[in-house]
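Undergrad: Below you'll find the structure I mean.
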Amino acid sequence: MFKRTLIIALLSVFSMVGVYAQGSNTTVSSITKLNEAVNNKIAAGDLHTNQVAINLMDKPFAPYESYRETVYFYYELKSGSVKLKKVIVTKDVAGRKAYIDFLYDAEGELTLYDYNHDMMNPQSDKKRCFFLKKKLINMVEKDIEFEEEDFDTHHLETGVAALNEATKYRKLFLAMEDVMINKQ
C-alpha cells in the first residue's frame, strides 16, 4: 500500500510539473493531457500493473554500495489486446533516489520521457523530452524549454538515449506479455 501511495504522490508531482512545458505547442499540450489522463487511471487503479524489482534484498551491487531498481508497467487489457501505457522506474543508487517516467502512445511508441536524477535534491538534473513518431520535438531541462529549432547535439543525444532506454523497458514488458498471454 505504501508503494502505491508513493507512486500516486510522484505522479501528482510530475503531472503538475508538466504544465510549465506546454507553451504554445499543441502537440506538447496533447501529450501533457495524455500523461495526466494515464496518471489519473493509475491513481484510480484502472490499469493493470506489473512490477519488477532488481536487487530486492539490497545487497551490494557493483559498482555501487547499494542499488535497488523497481519498474512498474501500467497497461490496458482489452479484448485480449495488451496496450502498454506507462513505465515508471524508481532507482535507489547509493542513497540517491532517481525517478524515470516513460509514457507510450496508442502505437506503443515513446511520447514522453520524464527524468529526475535525485528526487531528494531540488537542484538535481531534471529532463522532460516530448516525442512524436520517435522524433524529439520539445525538451525541458533545468526549467528551460527547448523546441526543435533550439536543439543542439546534447539535446539530440539525450533524446536518443531516452528512446533507447524506453525501448529496453518496452522489450522487457513484451517478454512478460508473452509469458502472460501464452500461459499453459
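Following the order of the C-alpha cells, chains are lettered A, B, ..., residues in each are numbered from 1, and ligands are numbered from 1.
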Taking 3 positions as the minimum chain separation for residues in the same chain, which residues sit within 10 Å of Ala94 (chain A) when counting only C-alpha atoms? Answer as a list in words.
TA: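 Listing them by chain and then by number gives Pro60, Phe61, Pro63, Tyr64, Glu65, Ser66, Tyr67, Arg68, Lys91 and Lys97 of chain A.
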Undergrad: Give me, as number ranges by chain, all polymer residues having an atom no more than 12 Å from region 167-181 of chain A, counting only C-alpha atoms and skipping those fewer than 2 positions away in the same chain.
TA: A: 48-52, 70-77, 80-89, 100-104, 108-111, 113, 134, 160-165, 183-184
Undergrad: Please measure the separation of CA of His117 (chain A) and CA of Phe130 (chain A), giving the value in Å to one decimal.
TA: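 If I compute the distance from CA of His117 (chain A) to CA of Phe130 (chain A), I get 17.8 Å.
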Undergrad: With distances taken over only C-alpha atoms, which of A:Asp58, A:Glu69, A:Asp118, A:Glu157 is nearest to Leu136 (chain A)?
TA: A:Glu157
Undergrad: With DSSP run on the backbone, what are the strand (DSSP E or B) residues within region 91-149 of chain A? I'd like them as a PyMOL selection string.
TA: chain A and resi 91-93+96-104+110-116+126-132+135-141+144-147
Undergrad: From region 127-180 of chain A, collect each residue whose DSSP state is helix (DSSP H, G or I) and return the set as number ranges by chain.
TA: A: 148-150, 153-180
Undergrad: List the spatial neighbours of Asn116 (chain A) as number ranges by chain - criterion: any atom at most 8 Å away, only C-alpha atoms, same-chain residues fewer than 5 positions off excluded.
TA: A: 98-100, 124-127
Undergrad: Output the selection as a PDB file, in the first residue's frame - C-alpha atoms for each residue.
TA:
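Final output, saved to again-v4.pdb:
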ATOM      1  CA  ALA A  98      16.049   8.679  -9.172  1.00  0.00           C
ATOM      2  CA  TYR A  99      12.698   8.656 -10.964  1.00  0.00           C
ATOM      3  CA  ILE A 100      12.065   7.944 -14.645  1.00  0.00           C
ATOM      4  CA  SER A 124      19.292  17.780  -9.338  1.00  0.00           C
ATOM      5  CA  ASP A 125      19.214  17.123 -13.057  1.00  0.00           C
ATOM      6  CA  LYS A 126      15.636  17.072 -14.412  1.00  0.00           C
ATOM      7  CA  LYS A 127      14.624  16.496 -18.007  1.00  0.00           C
TER       8      LYS A 127
END
Undergrad: CA of Cys129 (chain A) and CA of Glu141 (chain A), how far apart in Å?
TA: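 Interatomic distance here is 8.6 Å.
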